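**Q** My questions will all concern the structure given below.
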Amino acid sequence: MNALAMIAVAMGVAAVMLKAPGVVAPAAARAFVKSFPRNRTWAWLLTSLDMAIVTVLLWTLPDSWFTPWRASLLVLAPVAIVLVGLFVDELLASRALGGLLLLAAAPVLEVARFHPSEVRLVVVVLAYLWVFLGMLLVASPWWFRKLTDPLMATDIRCRLTSAAGVVIGLVLMALGVWIY
């Protein structure tokens, strides 16, 4: 199994796991999505994850102007998490989700770049959707609610939207197992 296949399967599993609750328990899923942008627990968790990924990326940079600062990352990263959590707390969960989408797109695009199959464009298009949504959420986090409110307005819409996400996840898993 090559790298693109593993990424496609991972993306599919993540999509199924994130969307299945909306199919099974739409009322709870709607409540979660409605409260997500101002949820402090998710805000701190996603901000910490974003900062950890950025720290690893900076730590693994080849020798450059940043090399003398590597050791300070162990102190600066936790300080940055606390400062962001304290001073950028308005809709921080949405912003941090946008940052995670931006960070997640890079390895997907890197792996898909040289794959010979034209079907790789399915994963590429999804990664560019992540980039667009990530930029939108980082710059304007209130768009999270504007985008999710019509999709989660009723239990039926929530179930349909979530079922579509599950189907997309299953398609990604199938692509990873049989095509890539």
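Residues in the structure tokens are numbered from 1 in each chain, the chains being A, B, ... in the order shown, and ligands are numbered from 1 in the order shown.
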Mind listing the alpha helix (DSSP H) residues of region 140-173 of chain A, per DSSP on the backbone, as an MDAnalysis selection string?
**A** chainID A and resid 143:151 155:173
**Q** Grab the residues selected above and save them as a tab-separated table (two decimals), in the first residue's frame with C-alpha atoms.
**A**
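Okay, result_26.tsv is ready:
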```tsv
chain	number	residue	atom	x	y	z
A	143	TRP	CA	-18.54	31.43	8.47
A	144	PHE	CA	-18.55	28.11	10.33
A	145	ARG	CA	-22.06	28.81	11.52
A	146	LYS	CA	-23.13	30.32	8.20
A	147	LEU	CA	-22.03	27.15	6.41
A	148	THR	CA	-23.34	24.64	8.92
A	149	ASP	CA	-26.70	26.20	9.84
A	150	PRO	CA	-28.44	25.38	6.54
A	151	LEU	CA	-26.98	21.87	6.55
A	155	ASP	CA	-32.76	16.29	11.78
A	156	ILE	CA	-33.48	15.20	8.21
A	157	ARG	CA	-30.93	17.62	6.74
A	158	CYS	CA	-28.41	16.60	9.36
A	159	ARG	CA	-28.93	12.92	8.51
A	160	LEU	CA	-28.67	13.57	4.77
A	161	THR	CA	-25.55	15.70	5.10
A	162	SER	CA	-23.94	13.20	7.43
A	163	ALA	CA	-24.90	10.28	5.19
A	164	ALA	CA	-23.28	12.08	2.25
A	165	GLY	CA	-20.13	12.46	4.36
A	166	VAL	CA	-20.18	8.77	5.24
A	167	VAL	CA	-20.55	7.86	1.55
A	168	ILE	CA	-17.63	10.13	0.64
A	169	GLY	CA	-15.58	8.46	3.37
A	170	LEU	CA	-16.44	5.00	2.07
A	171	VAL	CA	-15.52	6.08	-1.47
A	172	LEU	CA	-12.16	7.38	-0.23
A	173	MET	CA	-11.51	4.10	1.57
```
**Q** From the list A:Ile53, A:Ala43, A:Ile179, A:Leu136, which residue is nearest Ala77 (chain A) when using only C-alpha atoms?
**A**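 For Ala77 (chain A), the nearest of the given residues is A:Ile53.
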**Q** Show which residues sit within 9 Å of region 89-105 of chain A, as a PyMOL selection string. Count only C-alpha atoms, and ignore same-chain residues fewer than 4 positions away.
**A** chain A and resi 36-50+53-54+84-85+109-110+124+126-144
**Q** Next, dump the selected residues to file, keeping only N, CA and C atoms, as a short mmCIF file (atom, residue, chain, number, x, y, z; two decimals), in the first residue's frame.
**A**
```cif
data_model
loop_
_atom_site.label_atom_id
_atom_site.label_comp_id
_atom_site.auth_asym_id
_atom_site.auth_seq_id
_atom_site.Cartn_x
_atom_site.Cartn_y
_atom_site.Cartn_z
N PHE A 36 -20.02 24.28 18.79
CA PHE A 36 -18.59 24.10 18.51
C PHE A 36 -17.78 25.40 18.43
N PRO A 37 -18.21 26.43 17.71
CA PRO A 37 -17.34 27.60 17.55
C PRO A 37 -16.92 28.25 18.87
N ARG A 38 -17.75 28.19 19.89
CA ARG A 38 -17.42 28.82 21.16
C ARG A 38 -17.03 27.81 22.25
N ASN A 39 -16.82 26.57 21.87
CA ASN A 39 -16.45 25.53 22.83
C ASN A 39 -14.98 25.69 23.20
N ARG A 40 -14.73 26.02 24.45
CA ARG A 40 -13.37 26.30 24.91
C ARG A 40 -12.51 25.05 24.93
N THR A 41 -13.10 23.91 25.25
CA THR A 41 -12.32 22.66 25.29
C THR A 41 -11.79 22.33 23.90
N TRP A 42 -12.67 22.36 22.90
CA TRP A 42 -12.23 22.09 21.54
C TRP A 42 -11.27 23.16 21.05
N ALA A 43 -11.49 24.39 21.46
CA ALA A 43 -10.60 25.47 21.05
C ALA A 43 -9.17 25.21 21.54
N TRP A 44 -9.03 24.90 22.81
CA TRP A 44 -7.70 24.64 23.37
C TRP A 44 -7.10 23.37 22.78
N LEU A 45 -7.91 22.34 22.59
CA LEU A 45 -7.41 21.08 22.04
C LEU A 45 -6.91 21.26 20.60
N LEU A 46 -7.71 21.89 19.76
CA LEU A 46 -7.31 22.09 18.36
C LEU A 46 -6.16 23.08 18.24
N THR A 47 -6.14 24.11 19.08
CA THR A 47 -5.03 25.05 19.06
C THR A 47 -3.73 24.35 19.46
N SER A 48 -3.81 23.50 20.45
CA SER A 48 -2.62 22.75 20.87
C SER A 48 -2.15 21.81 19.77
N LEU A 49 -3.09 21.15 19.11
CA LEU A 49 -2.74 20.26 18.01
C LEU A 49 -2.09 21.05 16.86
N ASP A 50 -2.69 22.18 16.50
CA ASP A 50 -2.11 23.03 15.45
C ASP A 50 -0.69 23.45 15.81
N ILE A 53 1.81 20.60 15.55
CA ILE A 53 2.18 20.30 14.17
C ILE A 53 3.15 21.35 13.64
N VAL A 54 2.87 22.62 13.90
CA VAL A 54 3.77 23.68 13.45
C VAL A 54 5.14 23.55 14.11
N VAL A 84 -2.42 32.44 22.71
CA VAL A 84 -3.52 32.38 21.72
C VAL A 84 -4.82 32.05 22.43
N GLY A 85 -4.78 31.09 23.34
CA GLY A 85 -6.00 30.70 24.06
C GLY A 85 -6.58 31.83 24.90
N LEU A 109 -1.43 16.86 -0.54
CA LEU A 109 -1.04 17.34 -1.86
C LEU A 109 0.37 16.88 -2.23
N GLU A 110 1.24 16.82 -1.26
CA GLU A 110 2.61 16.36 -1.51
C GLU A 110 2.63 14.92 -1.98
N VAL A 124 -6.95 15.39 -4.41
CA VAL A 124 -6.42 16.74 -4.61
C VAL A 124 -7.53 17.78 -4.47
N LEU A 126 -10.32 17.47 -2.78
CA LEU A 126 -10.68 17.54 -1.36
C LEU A 126 -9.66 18.36 -0.56
N ALA A 127 -8.38 18.18 -0.86
CA ALA A 127 -7.35 18.94 -0.16
C ALA A 127 -7.48 20.44 -0.46
N TYR A 128 -7.78 20.79 -1.69
CA TYR A 128 -7.96 22.21 -2.01
C TYR A 128 -9.24 22.77 -1.39
N LEU A 129 -10.26 21.95 -1.23
CA LEU A 129 -11.44 22.39 -0.47
C LEU A 129 -11.07 22.67 0.97
N TRP A 130 -10.20 21.81 1.54
CA TRP A 130 -9.72 22.06 2.90
C TRP A 130 -8.98 23.39 2.97
N VAL A 131 -8.15 23.67 1.97
CA VAL A 131 -7.39 24.93 1.97
C VAL A 131 -8.36 26.11 1.92
N PHE A 132 -9.34 26.05 1.04
CA PHE A 132 -10.31 27.14 0.94
C PHE A 132 -11.07 27.32 2.25
N LEU A 133 -11.60 26.21 2.80
CA LEU A 133 -12.33 26.30 4.07
C LEU A 133 -11.42 26.74 5.21
N GLY A 134 -10.19 26.26 5.21
CA GLY A 134 -9.25 26.65 6.26
C GLY A 134 -8.97 28.13 6.25
N MET A 135 -8.72 28.69 5.05
CA MET A 135 -8.48 30.13 4.96
C MET A 135 -9.72 30.91 5.38
N LEU A 136 -10.88 30.44 4.96
CA LEU A 136 -12.13 31.11 5.31
C LEU A 136 -12.34 31.12 6.82
N LEU A 137 -12.11 29.98 7.47
CA LEU A 137 -12.35 29.88 8.91
C LEU A 137 -11.31 30.63 9.73
N VAL A 138 -10.08 30.66 9.27
CA VAL A 138 -9.06 31.41 10.01
C VAL A 138 -9.33 32.91 9.90
N ALA A 139 -9.68 33.37 8.71
CA ALA A 139 -9.91 34.80 8.51
C ALA A 139 -11.28 35.25 9.03
N SER A 140 -12.30 34.42 8.84
CA SER A 140 -13.67 34.79 9.22
C SER A 140 -14.34 33.60 9.89
N PRO A 141 -14.08 33.38 11.16
CA PRO A 141 -14.57 32.16 11.82
C PRO A 141 -16.09 32.08 11.92
N TRP A 142 -16.78 33.19 11.78
CA TRP A 142 -18.25 33.14 11.86
C TRP A 142 -18.84 32.40 10.67
N TRP A 143 -18.06 32.19 9.62
CA TRP A 143 -18.54 31.43 8.47
C TRP A 143 -18.84 29.98 8.84
N PHE A 144 -18.25 29.48 9.91
CA PHE A 144 -18.55 28.11 10.33
C PHE A 144 -20.05 27.96 10.54
#
```
**Q** Tell me, in Å to one decimal, how far CA of Pro78 (chain A) is from CA of Thr60 (chain A).
**A**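 CA of Thr60 (chain A) lies at a distance of 17.9 Å from CA of Pro78 (chain A).
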**Q** Wanna dump the region 72-150 of chain A-region 1-23 of chain A contacts at 7 Å for me, each residue with its shortest atom pair and the distance in Å to one decimal, counting only C-alpha atoms, ordered by chain and number, as JSON lines?
**A**
```
{"residue": "A:Val108", "atom": "CA", "partner": "A:Ile7", "partner_atom": "CA", "distance": 6.9}
{"residue": "A:Val111", "atom": "CA", "partner": "A:Leu4", "partner_atom": "CA", "distance": 5.8}
{"residue": "A:Ala112", "atom": "CA", "partner": "A:Leu4", "partner_atom": "CA", "distance": 6.1}
```
**Q** I need the chosen residues saved as a PDB file, in the first residue's frame, with C-alpha atoms.
**A**
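Below is the file part35.pdb, written as the result:
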```
ATOM      1  CA  VAL A 108      -2.042  15.179   1.092  1.00  0.00           C
ATOM      2  CA  VAL A 111       1.811  12.652  -1.720  1.00  0.00           C
ATOM      3  CA  ALA A 112      -0.725  13.037  -4.529  1.00  0.00           C
TER       4      ALA A 112
END
```
**Q** Using only C-alpha atoms, can you tell me which of A:Ala29, A:Phe87, A:Leu57, A:Ala52 comes closest to Val75 (chain A)?
**A**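 Comparing A:Ala29, A:Phe87, A:Leu57, A:Ala52 against Val75 (chain A), the winner is A:Ala52.
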**Q** Distance CA of Leu74 (chain A)-CA of Pro107 (chain A), one decimal place?
**A** 23.5 Å
